[in-house]
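Q: This is target_32.cif (mmCIF, C-alpha atoms).
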```
data_target
loop_
_atom_site.label_atom_id
_atom_site.label_comp_id
_atom_site.auth_asym_id
_atom_site.auth_seq_id
_atom_site.Cartn_x
_atom_site.Cartn_y
_atom_site.Cartn_z
CA MET A 13 39.36 -126.29 35.90
CA SER A 14 42.80 -127.58 34.90
CA SER A 15 45.95 -125.99 36.26
CA ASP A 16 46.68 -124.60 32.78
CA SER A 17 43.24 -123.02 32.61
CA ALA A 18 43.64 -121.52 36.07
CA ALA A 19 46.97 -120.01 35.03
CA ALA A 20 45.46 -118.59 31.84
CA ALA A 21 42.66 -116.97 33.89
CA GLN A 22 45.35 -114.98 35.69
CA ASP A 23 47.08 -113.77 32.52
CA ARG A 24 46.56 -110.06 31.97
CA LEU A 25 47.69 -107.35 29.54
CA LEU A 26 49.46 -104.22 30.77
CA PHE A 27 51.48 -101.77 28.62
CA GLY A 28 51.60 -104.49 25.97
CA TRP A 29 53.20 -107.00 28.34
CA ARG A 30 51.75 -110.39 29.02
CA VAL A 31 51.50 -110.52 32.82
CA ARG A 32 51.02 -113.76 34.76
CA THR A 33 49.93 -112.83 38.25
CA ASP A 34 49.17 -114.40 41.63
CA ILE A 35 46.99 -111.42 42.60
CA ALA A 36 43.83 -110.19 40.94
CA LEU A 37 44.31 -107.31 38.48
CA PRO A 38 40.67 -106.63 37.57
CA GLU A 39 41.50 -103.34 35.81
CA CYS A 40 43.72 -105.05 33.25
CA ALA A 41 42.43 -106.70 30.10
CA PRO A 42 42.67 -110.50 29.92
CA TRP A 43 45.51 -111.78 27.76
CA THR A 44 44.04 -113.10 24.50
CA GLY A 45 47.08 -112.98 22.23
CA ASP A 46 49.56 -115.64 21.18
CA GLU A 47 50.99 -118.24 23.53
CA ARG A 48 54.32 -116.55 24.13
CA ALA A 49 55.84 -116.81 27.57
CA PRO A 50 54.81 -114.10 30.06
CA ASP A 51 56.81 -110.88 29.90
CA LEU A 52 56.22 -110.28 33.60
CA ARG A 53 55.49 -112.54 36.56
CA ILE A 54 53.87 -111.17 39.74
CA THR A 55 54.28 -113.61 42.61
CA ILE A 56 53.35 -113.72 46.29
CA ALA A 57 56.39 -114.67 48.37
CA PRO A 58 58.59 -113.36 51.22
CA VAL A 59 60.76 -110.33 50.41
CA PRO A 60 64.24 -110.02 51.95
CA PRO A 61 64.66 -107.20 54.48
CA LEU A 62 67.68 -105.81 52.65
CA LEU A 63 68.67 -105.88 48.98
CA ALA A 64 72.24 -106.71 48.00
CA GLU A 65 74.25 -103.45 47.90
CA ALA A 66 71.12 -101.61 48.98
CA GLU A 67 70.95 -97.83 49.04
CA HIS A 68 68.07 -96.09 50.81
CA LEU A 69 66.51 -93.35 48.70
CA SER A 70 63.82 -92.86 51.36
CA PRO A 71 62.68 -94.63 54.55
CA LEU A 72 60.34 -96.67 52.32
CA LEU A 73 62.47 -97.33 49.25
CA GLN A 74 65.68 -99.29 48.72
CA VAL A 75 67.40 -99.62 45.36
CA ASN A 76 70.68 -101.15 44.20
CA PRO A 77 73.04 -100.94 41.20
CA ASP A 78 71.28 -103.91 39.54
CA ARG A 79 68.15 -101.73 39.28
CA GLU A 80 66.28 -103.73 41.85
CA ALA A 81 63.88 -101.90 44.16
CA ARG A 82 62.26 -102.74 47.48
CA LEU A 83 59.26 -100.69 48.63
CA VAL A 84 57.58 -101.20 52.01
CA ILE A 85 54.17 -99.71 52.83
CA ASP A 86 53.28 -100.47 56.43
CA GLY A 87 50.02 -102.35 56.77
CA VAL A 88 49.76 -102.97 53.01
CA ALA A 89 52.68 -104.92 51.52
CA THR A 90 56.37 -105.10 50.75
CA PHE A 91 57.19 -105.03 47.03
CA TRP A 92 60.35 -106.26 45.36
CA LEU A 93 61.11 -105.33 41.78
CA ARG A 94 63.49 -108.22 41.39
CA SER A 95 64.13 -108.11 37.65
CA ALA A 96 62.61 -106.78 34.45
CA GLY A 97 60.47 -109.92 34.42
CA GLU A 98 59.51 -110.40 38.07
CA ILE A 99 57.76 -108.52 40.86
CA VAL A 100 57.47 -110.18 44.27
CA ILE A 101 54.79 -109.05 46.72
CA ASP A 102 54.67 -109.92 50.43
CA PRO A 103 51.22 -108.66 51.49
CA GLN A 104 50.21 -107.58 54.97
CA MET A 105 46.52 -107.68 54.05
CA ASP A 106 44.40 -109.57 51.54
CA ALA A 107 46.56 -109.43 48.40
CA ASP A 108 43.52 -108.70 46.23
CA ARG A 109 42.67 -105.49 48.11
CA PRO A 110 42.88 -102.27 46.05
CA ASP A 111 45.45 -100.87 48.50
CA VAL A 112 47.99 -103.38 47.19
CA ARG A 113 47.28 -102.52 43.55
CA THR A 114 47.57 -98.80 44.33
CA PHE A 115 51.30 -99.12 45.04
CA LEU A 116 51.86 -101.82 42.43
CA TYR A 117 50.39 -99.54 39.73
CA GLY A 118 52.27 -96.53 41.09
CA THR A 119 55.89 -96.61 42.25
CA ILE A 120 56.58 -100.22 41.24
CA LEU A 121 55.09 -99.93 37.76
CA GLY A 122 56.89 -96.65 37.14
CA LEU A 123 60.23 -98.16 38.14
CA LEU A 124 59.51 -101.20 35.98
CA CYS A 125 59.08 -98.88 32.99
CA HIS A 126 62.54 -97.48 33.67
CA LYS A 127 63.95 -100.97 34.06
CA ARG A 128 62.43 -102.06 30.75
CA GLY A 129 63.65 -98.99 28.84
CA LEU A 130 60.38 -97.08 28.45
CA PHE A 131 59.75 -93.40 29.19
CA PRO A 132 57.16 -93.09 32.00
CA LEU A 133 55.58 -89.64 31.85
CA HIS A 134 53.60 -88.52 34.91
CA ALA A 135 50.43 -88.05 32.91
CA ALA A 136 46.92 -89.14 32.07
CA CYS A 137 46.20 -89.95 28.44
CA VAL A 138 43.01 -89.83 26.35
CA VAL A 139 42.09 -90.32 22.70
CA VAL A 140 40.12 -87.31 21.41
CA ASP A 141 38.79 -87.69 17.87
CA HIS A 142 41.52 -90.22 16.93
CA ARG A 143 44.27 -88.06 18.46
CA THR A 144 46.16 -89.29 21.51
CA ILE A 145 46.81 -86.50 24.01
CA ALA A 146 48.58 -86.62 27.37
CA PHE A 147 47.98 -84.30 30.33
CA SER A 148 51.08 -84.06 32.46
CA GLY A 149 51.81 -82.31 35.73
CA ALA A 150 52.56 -82.66 39.40
CA SER A 151 50.23 -84.51 41.76
CA GLY A 152 47.09 -82.45 42.24
CA ALA A 153 47.43 -80.58 38.95
CA GLY A 154 44.18 -82.11 37.64
CA LYS A 155 45.41 -84.76 35.19
CA SER A 156 42.94 -87.47 36.16
CA THR A 157 40.02 -85.06 36.56
CA LEU A 158 40.52 -83.65 33.09
CA ALA A 159 40.89 -87.11 31.58
CA ALA A 160 37.75 -88.35 33.34
CA ALA A 161 35.75 -85.32 32.17
CA LEU A 162 36.79 -86.01 28.58
CA VAL A 163 35.92 -89.70 28.85
CA ARG A 164 32.50 -88.75 30.22
CA ARG A 165 32.00 -86.82 26.97
CA GLY A 166 32.62 -89.95 24.90
CA HIS A 167 36.39 -89.98 24.46
CA ARG A 168 38.58 -92.97 25.29
CA LEU A 169 40.92 -93.37 28.24
CA VAL A 170 44.40 -94.74 27.55
CA ALA A 171 46.17 -94.40 30.90
CA ASP A 172 46.08 -92.57 34.22
CA ASP A 173 49.05 -91.32 36.27
CA ILE A 174 51.71 -93.20 34.28
CA CYS A 175 51.80 -92.74 30.52
CA ALA A 176 54.27 -95.32 29.18
CA ILE A 177 55.91 -93.96 26.03
CA ASP A 178 58.13 -95.80 23.58
CA PRO A 179 59.97 -92.76 22.13
CA PHE A 180 61.82 -94.56 19.34
CA ALA A 181 58.99 -96.70 17.97
CA THR A 182 58.66 -96.89 14.20
CA GLY A 183 56.64 -93.90 13.06
CA GLY A 184 57.30 -91.78 16.15
CA PRO A 185 56.63 -91.91 19.91
CA MET A 186 53.96 -94.45 20.84
CA VAL A 187 51.87 -94.74 24.00
CA ARG A 188 51.28 -98.18 25.51
CA PRO A 189 47.74 -98.28 27.01
CA ALA A 190 47.30 -99.30 30.64
CA PHE A 191 43.67 -99.88 31.73
CA PRO A 192 40.29 -98.04 31.75
CA ARG A 193 40.45 -96.64 35.30
CA VAL A 194 41.22 -93.32 36.95
CA LYS A 195 41.67 -92.36 40.62
CA LEU A 196 39.58 -89.36 41.70
CA TRP A 197 39.01 -87.44 44.91
CA GLN A 198 35.45 -86.71 46.00
CA ASP A 199 35.49 -83.10 44.69
CA SER A 200 36.52 -84.32 41.24
CA LEU A 201 33.72 -86.89 41.21
CA ASN A 202 31.30 -84.10 42.11
CA ALA A 203 32.64 -81.96 39.25
CA ILE A 204 31.89 -84.68 36.69
CA ASN A 205 28.56 -85.65 38.32
CA VAL A 206 29.55 -89.13 39.48
CA ASP A 207 28.24 -90.56 42.76
CA ALA A 208 30.94 -92.19 44.88
CA LYS A 209 28.43 -94.68 46.28
CA GLY A 210 29.46 -98.18 45.28
CA LEU A 211 32.88 -97.12 44.00
CA GLU A 212 35.98 -98.88 45.25
CA ALA A 213 38.17 -96.77 47.54
CA ASN A 214 41.71 -96.35 46.30
CA ARG A 215 42.89 -97.08 49.86
CA PHE A 216 40.94 -98.06 52.96
CA GLY A 217 39.42 -95.00 54.65
CA GLN A 218 40.47 -92.62 51.87
CA GLN A 219 38.02 -90.40 49.97
CA LYS A 220 39.75 -91.16 46.71
CA TYR A 221 38.00 -93.63 44.47
CA ASN A 222 38.70 -95.91 41.52
CA LEU A 223 36.40 -95.08 38.63
CA ARG A 224 36.30 -97.62 35.81
CA PHE A 225 34.85 -96.61 32.46
CA CYS A 226 34.40 -99.98 30.81
CA ASP A 227 34.92 -103.66 31.42
CA ALA A 228 38.60 -104.57 31.14
CA ALA A 229 37.85 -107.04 28.35
CA GLN A 230 36.55 -104.17 26.15
CA PHE A 231 39.62 -101.97 26.69
CA GLN A 232 41.52 -101.11 23.52
CA ALA A 233 45.13 -101.98 24.38
CA ASP A 234 46.97 -101.50 21.08
CA PRO A 235 49.84 -98.96 21.06
CA LEU A 236 48.87 -95.48 19.86
CA PRO A 237 50.88 -92.63 18.32
CA LEU A 238 51.31 -89.73 20.74
CA ASN A 239 49.96 -86.56 19.10
CA SER A 240 50.18 -83.86 21.82
CA ILE A 241 51.33 -83.23 25.37
CA TYR A 242 49.72 -80.61 27.61
CA LEU A 243 51.68 -79.52 30.68
CA LEU A 244 49.13 -78.50 33.31
CA ASP A 245 49.75 -75.18 35.04
CA PRO A 246 47.19 -74.59 37.82
CA ALA A 247 47.12 -70.81 38.25
CA ALA A 248 45.67 -68.78 41.10
CA ALA A 249 44.57 -66.17 38.55
CA PRO A 250 44.94 -65.70 34.77
CA ILE A 251 48.05 -63.83 33.66
CA LEU A 252 47.05 -60.84 31.56
CA GLY A 253 47.96 -61.31 27.93
CA ARG A 254 48.98 -64.96 28.25
CA PRO A 255 46.85 -67.56 26.40
CA ASP A 256 45.50 -70.45 28.45
CA ILE A 257 46.81 -72.94 25.85
CA GLU A 258 50.25 -72.02 24.56
CA ARG A 259 52.66 -74.01 22.40
CA LEU A 260 56.07 -74.15 24.05
CA ALA A 261 59.40 -73.65 22.32
CA LEU A 262 61.69 -76.68 22.31
CA VAL A 263 63.83 -75.75 25.32
CA ARG A 264 60.86 -74.97 27.55
CA ALA A 265 59.04 -78.04 26.28
CA ALA A 266 62.04 -80.27 27.04
CA THR A 267 62.42 -78.78 30.52
CA GLY A 268 58.75 -79.29 31.29
CA VAL A 269 58.64 -82.87 30.05
CA HIS A 270 61.87 -83.77 31.85
CA GLU A 271 60.42 -82.47 35.13
CA GLN A 272 57.46 -84.83 34.76
CA ILE A 273 59.40 -88.07 34.35
CA TYR A 274 57.77 -90.49 36.77
CA ARG A 275 60.17 -91.52 39.57
CA ARG A 276 62.88 -89.42 37.96
CA ARG A 277 65.14 -89.38 41.02
CA THR A 278 65.43 -93.18 41.08
CA ALA A 279 65.93 -93.33 37.31
CA LEU A 280 68.81 -90.86 37.52
CA HIS A 281 70.25 -92.82 40.43
CA TRP A 282 70.15 -95.88 38.19
CA GLY A 283 72.21 -94.09 35.55
CA ARG A 284 69.48 -93.28 33.02
CA ALA A 285 70.35 -89.56 32.73
CA ALA A 286 71.83 -89.67 29.21
CA GLU A 287 69.19 -92.12 27.96
CA LEU A 288 66.33 -90.01 29.33
CA PHE A 289 67.85 -86.81 27.95
CA GLU A 290 67.88 -88.38 24.49
CA MET A 291 64.31 -89.60 24.92
CA VAL A 292 63.07 -86.17 25.97
CA GLY A 293 64.77 -84.58 22.97
CA HIS A 294 63.18 -87.03 20.58
CA ILE A 295 59.71 -86.67 22.12
CA VAL A 296 59.61 -82.85 22.09
CA GLY A 297 61.19 -82.76 18.65
CA THR A 298 58.35 -84.91 17.34
CA VAL A 299 55.31 -84.18 19.51
CA PRO A 300 53.88 -80.66 20.12
CA VAL A 301 54.04 -79.65 23.80
CA HIS A 302 51.66 -77.02 25.17
CA ARG A 303 51.26 -75.28 28.49
CA LEU A 304 47.65 -75.51 29.66
CA THR A 305 46.70 -72.96 32.32
CA ARG A 306 43.61 -73.76 34.33
CA GLY A 307 41.84 -72.02 37.20
CA PRO A 308 42.43 -72.81 40.86
CA ASP A 309 39.23 -74.85 41.26
CA LEU A 310 36.88 -77.07 39.24
CA THR A 311 34.19 -74.52 38.44
CA THR A 312 35.54 -73.93 34.92
CA LEU A 313 36.13 -77.61 34.13
CA ALA A 314 33.35 -77.93 31.55
CA ASP A 315 34.57 -74.88 29.63
CA LEU A 316 38.16 -76.10 29.76
CA VAL A 317 37.15 -79.50 28.38
CA ARG A 318 35.34 -77.94 25.43
CA ARG A 319 38.30 -75.71 24.60
CA LEU A 320 40.62 -78.70 24.79
CA GLU A 321 38.42 -80.67 22.42
CA ARG A 322 38.61 -77.86 19.88
CA HIS A 323 42.35 -77.34 20.32
CA ALA A 324 43.29 -81.03 20.20
CA THR A 325 41.54 -81.55 16.89
CA GLN A 326 42.75 -78.42 15.06
#
```
How would this structure read if it were set down as structure tokens?
A:
Amino acid sequence: MSSDSAAAAQDRLLFGWRVRTDIALPECAPWTGDERAPDLRITIAPVPPLLAEAEHLSPLLQVNPDREARLVIDGVATFWLRSAGEIVIDPQMDADRPDVRTFLYGTILGLLCHKRGLFPLHAACVVVDHRTIAFSGASGAGKSTLAAALVRRGHRLVADDICAIDPFATGGPMVRPAFPRVKLWQDSLNAINVDAKGLEANRFGQQKYNLRFCDAAQFQADPLPLNSIYLLDPAAAPILGRPDIERLALVRAATGVHEQIYRRRTALHWGRAAELFEMVGHIVGTVPVHRLTRGPDLTTLADLVRRLERHATQ
């Protein structure tokens, strides 16, 4: 294989970006578009111990005024978001291990969305009967489980954990698809009748697994109009007289969506407050936002999925 062919084999598609990568990204669709230069380069190289003008937002994360970020995960890798077009990884294990991709697809990808001017909503996203719906909420709220249950009923996954929205796209807010994979704990796999045997662990020794729904090459990666947002509200018990799916007024919708901005603290530190405020206003002024109350466990998942299917297509 020629060097050009080898390089092309490592070109992938993520959020509409052409990504040329030194590590395997098996979840991402191969790049099959035009021959434009890569939008993003992922390289394996040493990462400096301290960024210029570094500020520590946590023991693991440094950022600076140039919107660079350095993330260190002991035993896994050090990541450097060097620019809007480059991520550097210094691995402490085999760079193709899923542990490395876990943090690349999480914190680093979310910060890259901020750096590139997108709106990263902490959400999973599914197409239900030609309507693109996002499920947003804090970690553990059930976003991925609900998305996986819908996909198991024949609907199409768009993204998990980070829903990259272009709020000011022509025609209204658009979602940029990620890849056909969700991360699920063992109890969620049980709830959707999937055996964990043979599944890739999200991290070594962790009972959280990567569940892929189709081959990356078959993933539909074209941008999609965002039709609805559901803010997940896990409740210990139903509140008498309150519907389990309720459309929110603009102020409450804006507050709820703003709270679910992925890596919001860093984005505000980088000076995106006014920009994000405008984005939130445009999204909730265009896209219906609902509060979705679900039970405290997974026993009512099947019923919730059916009600969502009906509601999303009304």
Q: On this structure, which residues satisfy the PyMOL selection byres ((chain A and resi 178) around 9), written as a ChimeraX atom specification?
A: /A:129-132,176-177,179-181,184-188,291
Q: Evaluate the PyMOL selection byres ((chain A and resi 51) around 8) here and jot the selected residues down as a list in words.
A: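 When the PyMOL selection byres ((chain A and resi 51) around 8) is applied, the selected residues are Trp29, Arg30, Val31, Ala49, Pro50, Leu52, Arg53 and Gly97 of chain A.
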Q: Can you list what the PyMOL selection byres ((chain A and resi 114) around 12) grabs from this structure, as number ranges by chain?
A: A: 37, 39, 85, 88-89, 91, 107-113, 115-122, 172-173, 193-195, 212-216, 220-222
Q: Between CA of Pro38 in chain A and CA of Leu196 in chain A, what is the spacing in Å?
A: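 Separation between CA of Leu196 in chain A and CA of Pro38 in chain A: 17.8 Å.
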Q: Using only C-alpha atoms, what table do you get, as a tab-separated table, when you list each residue of range 178-281 of chain A with an atom no more than 12 Å from range 140-146 of chain A, its nearest pair of atoms, and their distance in Å rounded to one decimal, rows by chain then rising number?
A:
```
residue	atom	partner	partner_atom	distance
A:Pro185	CA	A:Thr144	CA	10.9
A:Met186	CA	A:Thr144	CA	9.4
A:Val187	CA	A:Thr144	CA	8.3
A:Arg188	CA	A:Thr144	CA	11.0
A:Pro189	CA	A:Thr144	CA	10.7
A:Pro235	CA	A:Thr144	CA	10.4
A:Leu236	CA	A:Thr144	CA	7.0
A:Pro237	CA	A:Thr144	CA	6.6
A:Leu238	CA	A:Thr144	CA	5.2
A:Asn239	CA	A:Thr144	CA	5.3
A:Ser240	CA	A:Ile145	CA	4.8
A:Ile241	CA	A:Ala146	CA	4.8
A:Tyr242	CA	A:Ala146	CA	6.1
A:Leu243	CA	A:Ala146	CA	8.4
A:Leu244	CA	A:Ala146	CA	10.1
A:Val269	CA	A:Ala146	CA	11.1
A:Gln272	CA	A:Ala146	CA	11.7
```
Q: If I take CA of Pro103 in chain A and CA of Pro58 in chain A, how far is one from the other in Å, to one decimal?
A: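 Taking CA of Pro103 in chain A as the start and CA of Pro58 in chain A as the end point, the length is 8.7 Å.
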Q: In Å, how far is it from CA of Thr33 in chain A to CA of Thr55 in chain A?
A: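 Going from CA of Thr33 in chain A over to CA of Thr55 in chain A, I get 6.2 Å.
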Q: Write out as number ranges by chain each polymer residue whose atoms come within 12 Å of Ala261 in chain A, counting all atoms listed in the file; drop sequence neighbours fewer than 6 positions from it.
A: A: 267-268, 296-297, 299-303
